[in-house]
Amino acid sequence: MELGPVDRITADAIGDPGSRIFYIQARVGTQLVTVVVEKEQMQLLAASILEILSRVGKETGEGPSEDEMGLEGPVEPEWRVGKLSIGYEEQRDLILLELEEQVLDEAEEGEQEESAAPGREPDKVRLWATREQMLALSRHSAAVTARGRPECPY
């Protein structure tokens with residue numbers, strides 16, 4: 001599935017620290033896509049966005065405010081993300097966020113129900129967003145992950 005440029009892209013977490021579930025959500029028109037991600041994936045995404053923007057070398061506006069970055073309900077995730085990749089297309093001046101469904105091997109199959117069945121191709125979604133939208137996503141993702149319990153020093 002390819003969406004974009006998106007009207008809105010955000011990330012957030014629901015639940016108490018230590019048992020929160022992290023989400024990435026995007027909307028184009030009336031189509032809303034929500035996926036589950038790991039906290040570490042959200043942290044890496046926030047850092048990767050800043051790295052790409054620094055390499056692009058163009059001035060980037062602030063994008064949506066924190067007040068506009070909440071999840072839209074109902075929060076019903078499509079699947080859990082296994083692979084996440086990000087890139088920049090200079091001709092379109094858009095950032096691509098590609099999310100691929102987590103696929104478990106047969107040994108892991110019974111442990112998690114929300115992932116793709118072994119042996120089938122994982123679903124993918126490609127989200128195209130502006131530099132401003134992605135800067136706001138990076139800023140908000142960093143704030144969301146910082147709100148949780150402190151990192152283990154070991």
# chains A, B, ... in the order shown; residues from 1 in each chain; ligands from 1
>>> residues_around(residues="A:Tyr23", least_positions_apart="4", cutoff="9 Å", atoms="only C-alpha atoms", output="JSON, numbers by chain")
{"A": [10, 11, 12, 13, 14, 34, 35, 36, 37, 38, 42, 71, 75, 77]}
>>> residues_around(residues="stretch 98-103 of chain A", least_positions_apart="4", cutoff="6 Å", atoms="only C-alpha atoms", output="JSON, numbers by chain")
{"A": [80, 81, 82, 83, 84, 85, 115, 116, 122, 123, 124, 125, 126]}
>>> write_last_selection(atoms="N, CA and C atoms", output="short mmCIF file (atom, residue, chain, number, x, y, z; two decimals), in the first residue's frame")
data_model
loop_
_atom_site.label_atom_id
_atom_site.label_comp_id
_atom_site.auth_asym_id
_atom_site.auth_seq_id
_atom_site.Cartn_x
_atom_site.Cartn_y
_atom_site.Cartn_z
N ARG A 80 1.84 -5.39 13.52
CA ARG A 80 3.06 -4.96 14.20
C ARG A 80 4.18 -4.82 13.17
N VAL A 81 4.95 -3.75 13.27
CA VAL A 81 6.04 -3.49 12.34
C VAL A 81 7.26 -4.35 12.70
N GLY A 82 7.80 -5.02 11.69
CA GLY A 82 9.04 -5.77 11.86
C GLY A 82 10.22 -4.96 11.36
N LYS A 83 10.07 -4.37 10.17
CA LYS A 83 11.14 -3.57 9.57
C LYS A 83 10.61 -2.18 9.26
N LEU A 84 11.48 -1.23 9.47
CA LEU A 84 11.15 0.17 9.25
C LEU A 84 12.31 0.78 8.47
N SER A 85 12.02 1.47 7.39
CA SER A 85 13.11 2.14 6.66
C SER A 85 12.64 3.53 6.25
N SER A 115 0.98 -10.92 14.51
CA SER A 115 1.90 -10.82 13.39
C SER A 115 1.48 -11.74 12.25
N ALA A 116 2.09 -11.53 11.11
CA ALA A 116 1.77 -12.31 9.92
C ALA A 116 2.02 -13.79 10.14
N PRO A 122 4.92 -10.49 4.06
CA PRO A 122 4.44 -9.47 4.99
C PRO A 122 3.79 -8.31 4.24
N ASP A 123 2.80 -7.69 4.87
CA ASP A 123 2.21 -6.48 4.32
C ASP A 123 3.21 -5.35 4.47
N LYS A 124 3.09 -4.37 3.58
CA LYS A 124 3.95 -3.18 3.63
C LYS A 124 3.09 -1.95 3.41
N VAL A 125 3.50 -0.86 3.99
CA VAL A 125 2.89 0.42 3.70
C VAL A 125 4.02 1.43 3.51
N ARG A 126 3.86 2.23 2.46
CA ARG A 126 4.84 3.27 2.14
C ARG A 126 4.14 4.61 2.33
#
>>> select_by_dssp(residues="chain A", states="strand (DSSP E)", output="mmCIF file with N, CA and C atoms, in the first residue's frame")
data_model
loop_
_atom_site.group_PDB
_atom_site.id
_atom_site.type_symbol
_atom_site.label_atom_id
_atom_site.label_comp_id
_atom_site.auth_asym_id
_atom_site.auth_seq_id
_atom_site.Cartn_x
_atom_site.Cartn_y
_atom_site.Cartn_z
ATOM 1 N N GLU A 2 0.561 2.169 -0.824
ATOM 2 C CA GLU A 2 1.322 3.412 -0.920
ATOM 3 C C GLU A 2 0.384 4.566 -0.623
ATOM 4 N N LEU A 3 0.769 5.416 0.327
ATOM 5 C CA LEU A 3 -0.038 6.562 0.719
ATOM 6 C C LEU A 3 0.811 7.815 0.663
ATOM 7 N N ARG A 8 -1.576 13.697 7.244
ATOM 8 C CA ARG A 8 -1.180 13.724 8.652
ATOM 9 C C ARG A 8 -0.377 12.475 8.969
ATOM 10 N N ILE A 9 0.662 12.625 9.784
ATOM 11 C CA ILE A 9 1.423 11.478 10.273
ATOM 12 C C ILE A 9 1.818 11.773 11.709
ATOM 13 N N THR A 10 1.680 10.766 12.563
ATOM 14 C CA THR A 10 2.007 10.961 13.965
ATOM 15 C C THR A 10 2.427 9.642 14.593
ATOM 16 N N ALA A 11 2.844 9.731 15.830
ATOM 17 C CA ALA A 11 3.211 8.557 16.624
ATOM 18 C C ALA A 11 2.827 8.866 18.061
ATOM 19 N N ASP A 12 2.477 7.829 18.801
ATOM 20 C CA ASP A 12 2.141 8.039 20.203
ATOM 21 C C ASP A 12 2.141 6.700 20.918
ATOM 22 N N ALA A 13 1.902 6.741 22.210
ATOM 23 C CA ALA A 13 1.855 5.527 23.029
ATOM 24 C C ALA A 13 0.608 5.575 23.890
ATOM 25 N N ILE A 14 0.058 4.390 24.147
ATOM 26 C CA ILE A 14 -1.109 4.263 25.007
ATOM 27 C C ILE A 14 -0.772 3.252 26.092
ATOM 28 N N ILE A 21 1.939 0.657 24.638
ATOM 29 C CA ILE A 21 1.980 0.191 23.255
ATOM 30 C C ILE A 21 2.211 1.426 22.396
ATOM 31 N N PHE A 22 3.187 1.330 21.493
ATOM 32 C CA PHE A 22 3.580 2.456 20.652
ATOM 33 C C PHE A 22 2.979 2.295 19.257
ATOM 34 N N TYR A 23 2.529 3.411 18.689
ATOM 35 C CA TYR A 23 1.849 3.402 17.400
ATOM 36 C C TYR A 23 2.418 4.462 16.467
ATOM 37 N N ILE A 24 2.380 4.157 15.181
ATOM 38 C CA ILE A 24 2.569 5.156 14.128
ATOM 39 C C ILE A 24 1.257 5.179 13.368
ATOM 40 N N GLN A 25 0.795 6.377 13.057
ATOM 41 C CA GLN A 25 -0.494 6.521 12.396
ATOM 42 C C GLN A 25 -0.386 7.574 11.291
ATOM 43 N N ALA A 26 -1.011 7.286 10.150
ATOM 44 C CA ALA A 26 -1.015 8.232 9.034
ATOM 45 C C ALA A 26 -2.409 8.276 8.423
ATOM 46 N N ARG A 27 -2.741 9.445 7.867
ATOM 47 C CA ARG A 27 -4.041 9.597 7.222
ATOM 48 C C ARG A 27 -3.863 10.302 5.888
ATOM 49 N N VAL A 28 -4.579 9.768 4.886
ATOM 50 C CA VAL A 28 -4.731 10.424 3.592
ATOM 51 C C VAL A 28 -6.227 10.448 3.329
ATOM 52 N N GLN A 31 -8.752 7.689 4.628
ATOM 53 C CA GLN A 31 -8.038 6.441 4.906
ATOM 54 C C GLN A 31 -7.052 6.648 6.051
ATOM 55 N N LEU A 32 -7.250 5.888 7.125
ATOM 56 C CA LEU A 32 -6.411 5.975 8.310
ATOM 57 C C LEU A 32 -5.679 4.651 8.480
ATOM 58 N N VAL A 33 -4.358 4.708 8.618
ATOM 59 C CA VAL A 33 -3.541 3.513 8.809
ATOM 60 C C VAL A 33 -2.814 3.651 10.146
ATOM 61 N N THR A 34 -2.950 2.619 10.990
ATOM 62 C CA THR A 34 -2.291 2.593 12.289
ATOM 63 C C THR A 34 -1.542 1.278 12.414
ATOM 64 N N VAL A 35 -0.281 1.348 12.863
ATOM 65 C CA VAL A 35 0.524 0.140 13.083
ATOM 66 C C VAL A 35 1.192 0.233 14.450
ATOM 67 N N VAL A 36 1.533 -0.922 15.005
ATOM 68 C CA VAL A 36 2.230 -0.997 16.288
ATOM 69 C C VAL A 36 3.730 -1.062 16.022
ATOM 70 N N VAL A 37 4.498 -0.315 16.801
ATOM 71 C CA VAL A 37 5.957 -0.346 16.717
ATOM 72 C C VAL A 37 6.531 -0.544 18.112
ATOM 73 N N VAL A 81 4.951 -3.754 13.273
ATOM 74 C CA VAL A 81 6.043 -3.489 12.343
ATOM 75 C C VAL A 81 7.256 -4.345 12.702
ATOM 76 N N GLY A 82 7.802 -5.017 11.692
ATOM 77 C CA GLY A 82 9.041 -5.767 11.862
ATOM 78 C C GLY A 82 10.223 -4.958 11.362
ATOM 79 N N LYS A 83 10.073 -4.372 10.170
ATOM 80 C CA LYS A 83 11.144 -3.569 9.568
ATOM 81 C C LYS A 83 10.609 -2.185 9.262
ATOM 82 N N LEU A 84 11.481 -1.227 9.468
ATOM 83 C CA LEU A 84 11.148 0.167 9.246
ATOM 84 C C LEU A 84 12.308 0.777 8.475
ATOM 85 N N SER A 85 12.022 1.471 7.388
ATOM 86 C CA SER A 85 13.107 2.138 6.660
ATOM 87 C C SER A 85 12.638 3.527 6.250
ATOM 88 N N ILE A 86 13.616 4.389 6.022
ATOM 89 C CA ILE A 86 13.311 5.785 5.735
ATOM 90 C C ILE A 86 14.266 6.283 4.663
ATOM 91 N N GLY A 87 13.771 7.160 3.806
ATOM 92 C CA GLY A 87 14.603 7.725 2.758
ATOM 93 C C GLY A 87 14.033 9.048 2.283
ATOM 94 N N TYR A 88 14.779 9.710 1.413
ATOM 95 C CA TYR A 88 14.381 11.023 0.899
ATOM 96 C C TYR A 88 14.416 10.996 -0.618
ATOM 97 N N GLU A 89 13.363 11.483 -1.251
ATOM 98 C CA GLU A 89 13.339 11.602 -2.703
ATOM 99 C C GLU A 89 13.429 13.081 -3.056
ATOM 100 N N LEU A 94 10.114 14.847 -0.759
ATOM 101 C CA LEU A 94 9.320 14.130 0.237
ATOM 102 C C LEU A 94 10.173 13.062 0.906
ATOM 103 N N ILE A 95 9.819 12.760 2.142
ATOM 104 C CA ILE A 95 10.485 11.689 2.877
ATOM 105 C C ILE A 95 9.578 10.468 2.841
ATOM 106 N N LEU A 96 10.182 9.320 2.570
ATOM 107 C CA LEU A 96 9.467 8.051 2.513
ATOM 108 C C LEU A 96 9.714 7.276 3.802
ATOM 109 N N LEU A 97 8.625 6.849 4.429
ATOM 110 C CA LEU A 97 8.706 5.948 5.579
ATOM 111 C C LEU A 97 8.053 4.647 5.149
ATOM 112 N N GLU A 98 8.860 3.592 5.093
ATOM 113 C CA GLU A 98 8.346 2.287 4.678
ATOM 114 C C GLU A 98 8.271 1.379 5.902
ATOM 115 N N LEU A 99 7.090 0.826 6.129
ATOM 116 C CA LEU A 99 6.839 -0.038 7.270
ATOM 117 C C LEU A 99 6.475 -1.417 6.751
ATOM 118 N N GLU A 100 7.139 -2.445 7.287
ATOM 119 C CA GLU A 100 6.883 -3.818 6.864
ATOM 120 C C GLU A 100 6.426 -4.640 8.061
ATOM 121 N N GLU A 101 5.389 -5.411 7.847
ATOM 122 C CA GLU A 101 4.814 -6.236 8.895
ATOM 123 C C GLU A 101 5.819 -7.246 9.433
ATOM 124 N N LYS A 124 3.087 -4.370 3.575
ATOM 125 C CA LYS A 124 3.946 -3.182 3.628
ATOM 126 C C LYS A 124 3.088 -1.955 3.408
ATOM 127 N N VAL A 125 3.503 -0.861 3.988
ATOM 128 C CA VAL A 125 2.891 0.422 3.704
ATOM 129 C C VAL A 125 4.020 1.429 3.508
ATOM 130 N N ARG A 126 3.862 2.225 2.457
ATOM 131 C CA ARG A 126 4.837 3.274 2.139
ATOM 132 C C ARG A 126 4.143 4.610 2.328
ATOM 133 N N LEU A 127 4.677 5.406 3.241
ATOM 134 C CA LEU A 127 4.098 6.699 3.582
ATOM 135 C C LEU A 127 5.013 7.818 3.110
ATOM 136 N N TRP A 128 4.486 8.715 2.298
ATOM 137 C CA TRP A 128 5.245 9.865 1.821
ATOM 138 C C TRP A 128 4.789 11.086 2.603
ATOM 139 N N ALA A 129 5.742 11.838 3.147
ATOM 140 C CA ALA A 129 5.406 13.002 3.964
ATOM 141 C C ALA A 129 6.397 14.136 3.693
#
>>> closest_residue(among="A:Ser54, A:Glu76, A:Arg92, A:Arg139", to="A:Pro5", atoms="only C-alpha atoms")
A:Arg92
>>> closest_residue(among="A:Ala142, A:Leu104, A:Leu45, A:Leu135", to="A:Glu59", atoms="only C-alpha atoms")
A:Leu135
>>> closest_residue(among="A:Leu44, A:Leu50, A:Val6, A:Met1", to="A:Gln133", atoms="only C-alpha atoms")
A:Val6
>>> atom_distance(atom1="atom CA of A:Arg20", atom2="atom CA of A:Lys39")
8.8 Å
>>> select_by_dssp(residues="stretch 67-143 of chain A", states="alpha helix (DSSP H)", output="VMD selection string")
chain A and resid 131 to 143
>>> closest_residue(among="A:Glu72, A:Arg147, A:Pro64, A:Ala47", to="A:Gly18", atoms="only C-alpha atoms")
A:Arg147
>>> atom_distance(atom1="atom CA of A:Gln91", atom2="atom CA of A:Gly61")
18.7 Å
>>> residues_around(residues="A:Ser141", least_positions_apart="3", cutoff="6 Å", atoms="only C-alpha atoms", output="tab-separated table (two decimals) with N, CA and C atoms, in the first residue's frame")
chain	number	residue	atom	x	y	z
A	11	ALA	N	2.84	9.73	15.83
A	11	ALA	CA	3.21	8.56	16.62
A	11	ALA	C	2.83	8.87	18.06
A	46	ALA	N	12.97	8.65	15.15
A	46	ALA	CA	13.15	10.06	15.50
A	46	ALA	C	14.57	10.53	15.15
A	137	LEU	N	7.07	14.77	13.45
A	137	LEU	CA	7.00	13.37	13.88
A	137	LEU	C	8.23	13.02	14.72
A	138	SER	N	9.41	13.46	14.31
A	138	SER	CA	10.64	13.20	15.05
A	138	SER	C	10.57	13.83	16.44
A	144	VAL	N	7.47	11.36	23.21
A	144	VAL	CA	6.68	10.20	23.63
A	144	VAL	C	7.56	9.15	24.30
